[in-house]
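**Q** Here it is: the structure, laid out below.
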Amino acid sequence: MANKSRLHIPKPTARPGDEPDFSYLDLSPAGSVDKPPVASRTRDIEYLSSGLVRVLDEEHHAVGPWNPTLDPSALQVAMRWMMLNRVFDQRMWQIQRQGRISFYMEAAGEEAVSIAQGMALRPGDMCFPSYRNQGLYMYRGMNLVDMMCQCLSNTRDMCKGRQLPIMYHSKEGNVFSISGNLATQYPHAVGWAMASAIKGEDHIAASWVGDGSTAEADFHHALTFAAVYQAPVILNVVNNQWAISTFQGTAGGERRAFAARGLGLGIPGIRVDGNDLLAIYAVTVWAADRARRGGGPTLIELVTYRGGAHSTSDDPTKYRPKDEWAAFPLGDPIERLKNHLIVEGHWSEDKHEALNEELKAEVMAAWKEAQQYGTMTEGPFLDPSTMFDDVYAEPPKRLESQRRRMLDLEKNGGGI
Amino acid sequence: MANKSRLHIPKPTARPGDEPDFSYLDLSPAGSVDKPPVASRTRDIEYLSSGLVRVLDEEHHAVGPWNPTLDPSALQVAMRWMMLNRVFDQRMWQIQRQGRISFYMEAAGEEAVSIAQGMALRPGDMCFPSYRNQGLYMYRGMNLVDMMCQCLSNTRDMCKGRQLPIMYHSKEGNVFSISGNLATQYPHAVGWAMASAIKGEDHIAASWVGDGSTAEADFHHALTFAAVYQAPVILNVVNNQWAISTFQGTAGGERRAFAARGLGLGIPGIRVDGNDLLAIYAVTVWAADRARRGGGPTLIELVTYRGGAHSTSDDPTKYRPKDEWAAFPLGDPIERLKNHLIVEGHWSEDKHEALNEELKAEVMAAWKEAQQYGTMTEGPFLDPSTMFDDVYAEPPKRLESQRRRMLDLEKNGGGI
Amino acid sequence: MAQMNMIEAIRSAMDVVMDKDPNVIVLGQDVGYFGGVFRCTDGLLRKYGDHRVIDAPIAEGGIVGAAIGMGLNGLRPVAEIQFADYIYPGFDQVVSELARIRYRSCGEFWSPVTIRTPCGGGIRGGQTHSQSPEAIFTHVSGIKTVMPSNPYDAKGLLIASIESDDPIIFFEPKRIYNGPFDGDPEKPAVSWASHPKGEVPEGYYTVPIGKAEIVRPGDELTIVTYGTLVHVAAAAAEAVGVDAEVIDVRSLSPLDADTLIESVKKTGRCLIAHEATRFGGYGAELSATLQRECFYYLEAPIRRVGGWDTPYPHAFEWQYFPGKKRLAAGIRKVMETAA
Amino acid sequence: MAQMNMIEAIRSAMDVVMDKDPNVIVLGQDVGYFGGVFRCTDGLLRKYGDHRVIDAPIAEGGIVGAAIGMGLNGLRPVAEIQFADYIYPGFDQVVSELARIRYRSCGEFWSPVTIRTPCGGGIRGGQTHSQSPEAIFTHVSGIKTVMPSNPYDAKGLLIASIESDDPIIFFEPKRIYNGPFDGDPEKPAVSWASHPKGEVPEGYYTVPIGKAEIVRPGDELTIVTYGTLVHVAAAAAEAVGVDAEVIDVRSLSPLDADTLIESVKKTGRCLIAHEATRFGGYGAELSATLQRECFYYLEAPIRRVGGWDTPYPHAFEWQYFPGKKRLAAGIRKVMETAA
Ligand SMILES: Cc1ncc(C[n+]2csc(CCOP(=O)(O)OP(=O)(O)O)c2C)c(N)n1
Ligand SMILES: Cc1ncc(C[n+]2csc(CCOP(=O)(O)OP(=O)(O)O)c2C)c(N)n1
Ligand SMILES: [Mg+2]
Ligand SMILES: [Mg+2]
């Protein structure tokens with residue numbers, strides 16, 4: 001402790017030019033964190049918020065009490081989804097770079113979050129994702145062509161050109177619509193879960209925010225309401241170490257893990273290896289089970305790394321070492337599951353490579369198809385006057401007259 | 001744990017007609033909580049957030065490591081301030097009931113908070129109080145006549161008739177202006193403290209909110225910023241068990257003490273007997289010392305009871321047992337200090353009674369004087385056109401013309 | 001028919017819809033056991049239970065956010081914000097979410113939340129218990145804004161609001177909860193019993209959103225107003241002795257421009273009055289629309305009377321409040337001007 | 001004199017004031033090491049250190065709240081809100097605190113915070129990176145609202161804002177950060193180098209708050225506008241071939257009504273244009289004021305052109321944006337009408 005009051009300015013361990021340094025991360029070996037009964041009291045399971053639940057060990061074996069012992073076939077399916085997520089992102093990123101869509105955000109390095117949690121939830125459960133959960137939409141049935149059409153704002157765009165690329169929504173898949181404003185979905189999830197309990201249904205809700213977004217008011221609102229009403233909800237913090245240019249310490253992560261944020265309200269927290277699909281699956285099943293049995297909310301912190309840029313508008317080489325991802329001690333979720341399946345004898349490098357090519361082809365085929373519904377430069381084009389739809393269920397008259405004026409103006413330059 | 005998800009509705013242990021029941025309160029005996037060095041790491045002093053720091057024991061002796069061993073004379077002075085706070089409130093309450101001021105809020109049962117913390121802070125430290133901290137204004141030099149004139153909105157009103165009664169401010173005393181919007185002062189305190197550190201000064205800031213107000217966004221903003229920048233600030237939660245008609249459980253206090261709210265951010269929390277002036281003084285000095293030495297923020301929960309109605313607009317018999325205060329296990333702060341001084345031989349019932357009468361007279365005299373500056377019904381009256389002052393440092397022209405129109409209208413009913 | 005004040009009418013609206021539709025739930029600060037600081041939800045908890053009448057933490061953003069989530073899951077939440085001045089902490093959820101979910105999801109997701117909140121001054125509430133922030137909400141596409149001026153409309157509009165699939169901010173002018181108010185605080189309080197709109201059916205009915213009402217027909221001047229000032233305007237017109245047509249806008253957005261335009265075309269003169277701060281207030285929108293549509297009919301400039309462009313001061317609320325005197329002066333100004 | 005774009009001019013303003021006054025500090029998301037997502041604070045951290053250029057957590061309410069506290073302790077904070085669309089989570093601190101502290105404490109306490117925030121569309125940002133919420137702030141007594149339309153004004157007004165003891169919301173129309181824009185997205189981008197207002201002194205100067213500027217004198221019609229639309233309006237007038245007087249309001253509150261009134265009295269016709277949603281927009285205030293003051297001079301109704309009353313759609317921003325074509329149509333309408 002210094003001898004006078006001072007302003008502490010959180011600083012990441014490495015900036016461009018520095019050696020990556022993840023020594024600040026508390027890691028526990030795979031299998032070392034106990035798995036308590038779902039019915040445990042919060043105060044008895046505080047250790048879950050400071051340890052790190054991991055299943056895959058250094059030798060790629062699945063070990064310890066949290067091992068969900070999933071079928072190899074289920075893991076192969078999971079593998080496929082994670083790879084698809086990555087291949088899709090890579091393709092879309094290129095497409096943005098070619099100027100064919102206006103914007104994109106990738107989930108590189110975080111694919112296990114969406115896929116493992118998608119697997120652990122039931123179809124009737126409702127998801128309130130962040131913009132980096134595209135894997136959830138995929139896993140819950142949205143097809144690639146639809147996703148691409150959204151990014152293209154074309155005639156098949158589910159958002160009718162209204163939203164930025166990646167801001168999907170899926171009523172059918174029970175995945176909510178993405179907002180531009182960070183963390184606003186968090187209290188929605190809690191309210192949805194409260195309604196589920198009010199109606200006596202056993203569906204639960206889940207939501208995701210990034211480490212940076214935990215500073216927003218809605219994070220607090222959601223935790224408070226979840227704790228007060230013991231809402232059946234899973235609140236996930238995807239700690240990928242970075243917001244845009246600021247690291248997780250700027251969001252208050254320097255002294256205590258994000259998993260501990262709900263403890264003061266009596267919400268149990270679990271810190272999990274966010275690149276270990278098995279561990280994520282296991283803790284999510286645990287939390288879902290707890291919620292469904294009336295045990296209330298759980299906060300899960302998924303420790304991972306944002307492998308790519310924040311978005312296509314960002315250049316991370318300006319603020320972090322180029323090779324930081326490679327040095328991240330929890331590795332890459334796809335590599336880790338691949339190695340596990342290989343050591344267990346259920347996968348091979350060849351199969352992996354073949355699957356990768358197959359997925360690339362699938363994505364390319366989807367892209368071909370998607371473009372038939374229109375691109376930014378070539379038709380068919382959406383009717384711009386659809387922009388006046390859905391502002392209201394029962395629109396005011398002035399919107400109709402504005403629509404007419406717009407059409408008029410498009411046609412002959414008259415009227416205002 | 002139930003077998004299906006369900007909505008939990010927090011319920012107070014007693015409603016009107018029920019026996020008061022404070023069994024939910026975790027109490028530790030006086031002297032039983034260790035006092036750690038100020039330089040301790042947050043993780044080593046988590047116990048402070050669940051225990052209850054108390055100095056005055058059942059026999060009215062001051063015991064244990066937190067005993068600040070204050071001079072009897074200092075305690076007599078403290079006694080006087082607490083009693084003055086109470087006598088003042090009682091008088092003003094009556095005055096409101098007589099319709100001579102529009103509104104009032106009393107601090108009955110919570111006087112130790114303002115007085116003990118006022119004593120523990122230095123004059124250069126800045127206070128951001130809630131509306132129940134009138135004792136702070138008193139202790140920091142505001143005179144009774146000024147306070148009464150504020151409540152009267154008369155010609156000597158520091159607020160020039162703009163603010164509800166009790167919404168004081170004191171630049172000279174370093175006590176900020178009261179806002180109607182709950183908890184907004186919390187981030188101000190943090191920003192003020194950050195500025196102090198930026199300027200290299202060793203003044204600290206302190207702020208107060210109620211248990212109910214912890215649910216507001218600004219509570220979270222303040223904690224986050226305080227933790228991130230290690231601002232030299234003391235954040236106090238006055239847990240007087242009730243918001244308006246909802247009890248502290250509706251704010252999330254059922255499972256864990258409010259003192260624990262900052263632990264997830266690495267902010268140490270201390271839970272203290274809010275009716276024990278010695279204990280409050282001691283923990284505040286500890287936290288102030290820590291802040292001044294660069295140790296950053298501390299969250300203090302003061303466990304007390306709102307002895308009176310929420311405000312003169314409220315009728316607590318509608319929602320809680322009439323005799324709940326009498327059953328509150330931590331008693332009355334004035335009684336407790338009185339008994340302590342008596343057993344230590346520094347006070348007597350007679351002296352107490354005499355002081356009480358003296359204070360009543362002082363308050364009555366102040367009231368007489370205050371009325372000379374005007375009442376709601378009798379002049380002198382403030383010039384209403386002052387309402388156009390201080391909206392801006394450099395007001396837009398339209399305000400001047402509105403002022404003229406208003407005066408014109410008052411005079412001869414012309415112009416708009 | 002029953003006699004109701006505005007509080008009773010509002011309570012009755014919630015009661016009627018809750019009885020009819022089990023998905024309607026109420027949440028807010030002190031709305032449950034206590035029945036609301038203005039008693040608008042009194043008795044509802046006992047009748048409908050604590051899963052449908054929910055005491056909320058003091059977090060307006062959380063209340064709106066959770067209500068949105070409930071609405072997404074099939075409920076029809078009625079959220080109370082204790083004072084309109086306290087809606088600001090929930091502003092982001094209102095503007096960025098409640099108003100926008102239907103649009104951004106092309107109608108796949110929407111949440112039919114009604115936010116009830118008491119507004120306006122005249123109860124010595126000082127600057128944070130007196131505001132009328134309606135203008136801020138009328139500018140936001142995707143939400144509707146309603147403000148009744150009497151018990152009959154309050155009940156009918158509230159039922160319509162709760163049943164509407166659009167999100168609605170329902171402002172309740174608290175000065176007239178207990179009786180109409182002509183702007184003179186010195187006069188003894190009047191109850192709704194003597195007012196025709198204090199007659200309120202016990203059962204179900206609606207007043208359509210988007211319809212203004214001519215509360216006093218007249219030929220010489222149109223006064224466009226809403227909330228408490230409807231009563232003040234009528235009294236001021238009476239006092240000045242002008243044959244004014246007083247229109248209660250009721251639904252600020254959507255606005256029933258036709259009714260207003262027709263009247264102004266007829267009278268050729270228009271005064272707009274509201275309690276909110278004038279600069280950038282809702283009256284500006286009314287004025288802009290009416291001057292454009294009625295330009296060739298206007299015999300004098302449209303004028304606005306509003307609260308001064310200052311916060312609402314506690315001790316000087318009657319100097320701040322645009323009362324009878326100020327409205328009368330406004331009327332005279334609009335009438336005096338030669339065409 | 002130097003050539004600067006608006007980003008450089010804004011950065012230069014902060015640099016100049018920070019150099020002059022050690023109490024000026026900058027805080028916001030990504031403003032420090034990174035230099036801001038629009039690069040407006042680039043280099044300031046290196047020059048002034050991490051106690052004066054502070055990367056903040058992602059909590060707009062916290063940023064405004066902490067800035068207020070700093071201001072109360074003698075600093076002069078310049079807070080950046082990354083997009084104007086994200087100011088809503090901090091709305092309560094702006095309206096209930098920043099705007100009101102001086103008033104409620106009768107001048108004993110005040111906090112001279114300047115909030116800088118990029119607004120407006122035209123960069124394919126979709127509905128939450130394109131909003132122009134200025135009207136909401138102009139209605140709030142106690143704060144001032146400024147929006148420059150070029151580098152010279154941006155620097156001079158920002159310095160004046162930071163030095164002002166009043167709290168100011170400083171909107172930066174991001175579409176013209178890099179160059180003026182006449183409303184035609186098909187045309188190649190133009191840089192500020194070719195524009196007279198791209199000439200910006202390196203050192204200290206101010207442009208006074210509360211003064212509009214006639215950017216193009218004319219006799220037939222007054223176009224009142226601000227921000228990006230200043231350039232669009234000038235181009236539209238050119239295209240239509242009308243001798244329009246284009247006025248850049250610059251300071252929305254306080255409003256320099258005199259300059260506007262004088263012009264409208266002279267031309268007898270007025271078009272108001274802004275990018276924000278029209279209903280309840282700031283244009284309504286302009287229209288209401290101008291019709292009242294210029295009633296007897298007006299030869300045609302005042303018209304407003306604005307964004308449609310919908311959210312700002314990503315793919316149709318050029319249909320949403322009130323571009324040259326829409327302004328031209330507006331001009332024609334105002335001109336056509338017989339007096
Ligand atoms: C209310 C609000 N403030 C600021 C932003 C701008 N913004 C978009 S993403 C982002 C960083 C978020 O970081 P994090 O929560 O860690 O999520 P990640 O991108 O790492 O997944 C910021 C500041 C925003 N979208 N909304
Ligand atoms: C933003 C806001 N929401 C609601 C209110 C209305 N209100 C005033 S005091 C109060 C209860 C506060 O309870 P608590 O924080 O426990 O403080 P206490 O009165 O017990 O000291 C409420 C709901 C308010 N003033 N501001
Ligand atoms: Mg992140
Ligand atoms: Mg309380």
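Going through the structure tokens in order, the chains are called A, B, and so on, while each chain numbers its residues from 1 and the ligands are numbered from 1 in the order shown.
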If you count only C-alpha atoms and all ligand atoms, which residues end up within 9 Å of ligand 1, as a PyMOL selection string?
**A** (chain A and resi 105+107+130-133+179-184+209-216+237-248+251+305-306+309-311) or (chain C and resi 92) or (chain D and resi 29-30+57-60+81-83+85-89+128-129)
**Q** At a cut-off of 10 Å, using only C-alpha atoms, what residues contact segment 392-409 of chain B? Leave out same-chain residues fewer than 3 positions from it and give the result as a PyMOL selection string.
**A** (chain B and resi 383-389+412-416) or (chain C and resi 279+308-310+319-320+325-326+329) or (chain D and resi 99-100+102-103+107+110+112+141-144+164-167+210+253-257)
**Q** Near Thr225 of chain C, within 9 Å and counting only C-alpha atoms, which residues show up once chain neighbours fewer than 2 positions away are dropped, as a list in words?
**A** Ile223, Gly227, Thr228, Leu229, Val230, Ala233, Val246, Ile247, Asp248, Val249, Arg250, Leu271, Ile272, Ala273, His274 and Gly283 of chain C
**Q** Quick one: of D:Tyr205, D:Trp192, D:Tyr226, D:Phe91, who's nearest to chain A, counting only C-alpha atoms?
**A**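 Once distances to chain A are computed over only C-alpha atoms, the minimum belongs to D:Phe91.
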**Q** For His169 of chain A, list every protein, DNA or RNA residue within 12 Å, evaluated using only C-alpha atoms, and leave out those in the same chain fewer than 6 positions away; present the list as a PyMOL selection string.
**A** (chain A and resi 126-131+133-134+136-138+140-142+146-147+150+157-160+163+175-179) or (chain C and resi 101-110)
**Q** So how far away is atom CA of Gly122 of chain C from atom CA of Pro180 of chain C, in Å?
**A**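 These two atoms are separated by 12.2 Å.
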**Q** Please provide the set of residues having any atom within 12 Å of Ala13 of chain C, restricted to only C-alpha atoms, with same-chain residues fewer than 2 positions apart removed, written as a count of residues only.
**A** 41
**Q** Would you mind listing what lies within 6 Å of Cys270 of chain C as a list in words, with only C-alpha atoms counted and same-chain residues fewer than 3 positions away left out?
**A**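 Surrounding residues, per the criterion: Leu221, Thr222, Ile223 and Ile302 of chain C.
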**Q** Pick from A:Ile234, A:Leu302, A:Val77, A:Ala259: nearest to ligand 3, with only C-alpha atoms and all ligand atoms counted?
**A**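 Of A:Ile234, A:Leu302, A:Val77, A:Ala259, the one nearest ligand 3, counting only C-alpha atoms and all ligand atoms, is A:Leu302.
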**Q** Residues at most 7 Å from Gly191 of chain B, counting only C-alpha atoms, excluding those fewer than 6 positions away in the same chain, as number ranges by chain?
**A** D: 66-70
**Q** Expressed in Å to a single decimal, how great is the separation between atom CA of Ser263 of chain D and atom CA of Pro196 of chain D?
**A**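 Separation of atom CA of Ser263 of chain D and atom CA of Pro196 of chain D: 23.1 Å.
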**Q** Could you check the closest approach to chain D for each of A:Ala282, A:Leu7, A:Val343, A:Ile334 and tell me which residue wins, using only C-alpha atoms?
**A**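 Under the stated criterion, the closest residue is A:Leu7.
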**Q** Out of A:Asp26, A:Asp89, A:Glu19, A:Asp289, which residue has the shortest atom-to-atom distance to chain B when counting only C-alpha atoms?
**A**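 Looking only at the distances to chain B, the closest residue turns out to be A:Asp289.
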**Q** Do me a favour and pick out the residues of chain B within 8 Å of chain A, using only C-alpha atoms, as a ChimeraX atom specification.
**A** /B:1-10,39,194,197-198,200-202,215-218,220-221,224-225,227-232,249-266,291-296
**Q** Can you list, as a list in words, all residues belonging to segment 260-303 of chain B that DSSP tags as strand (DSSP E)?
**A**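 Residues of segment 260-303 of chain B classed as strand (DSSP E): Gly269, Ile270, Arg271, Val272, Asp273, Thr298, Leu299, Ile300, Glu301, Leu302 and Val303 of chain B.
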**Q** Quick one: write out the picked residues with C-alpha atoms as a PDB file, in the first residue's frame?
**A**
ATOM      1  CA  GLY B 269     -16.843  -4.595   2.897  1.00  0.00           C
ATOM      2  CA  ILE B 270     -17.435  -3.987   6.561  1.00  0.00           C
ATOM      3  CA  ARG B 271     -20.718  -4.706   8.264  1.00  0.00           C
ATOM      4  CA  VAL B 272     -21.110  -2.594  11.345  1.00  0.00           C
ATOM      5  CA  ASP B 273     -23.642  -2.082  14.088  1.00  0.00           C
ATOM      6  CA  THR B 298     -14.296   0.485   1.248  1.00  0.00           C
ATOM      7  CA  LEU B 299     -17.965  -0.375   1.374  1.00  0.00           C
ATOM      8  CA  ILE B 300     -19.510  -0.007   4.817  1.00  0.00           C
ATOM      9  CA  GLU B 301     -22.920  -1.423   5.620  1.00  0.00           C
ATOM     10  CA  LEU B 302     -24.490   0.210   8.656  1.00  0.00           C
ATOM     11  CA  VAL B 303     -27.122  -2.050  10.145  1.00  0.00           C
TER      12      VAL B 303
END
**Q** Just to confirm, what's the straight-line distance from atom CA of Ile101 of chain A to atom CA of Leu152 of chain A in Å (one decimal)?
**A**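 Distance reported for this atom pair: 5.7 Å.
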**Q** So, with only C-alpha atoms as the atoms that count, which of C:Val240, C:Leu290, C:Ile261, C:Ile63 lies closest to chain D?
**A**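 For chain D, the nearest of the candidates is C:Leu290.
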**Q** Kindly indicate which residue among A:Ser28, A:Asn174, A:Thr155, A:Ser73 lies nearest to chain C, using only C-alpha atoms for the distances.
**A**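 Closest candidate: A:Asn174.
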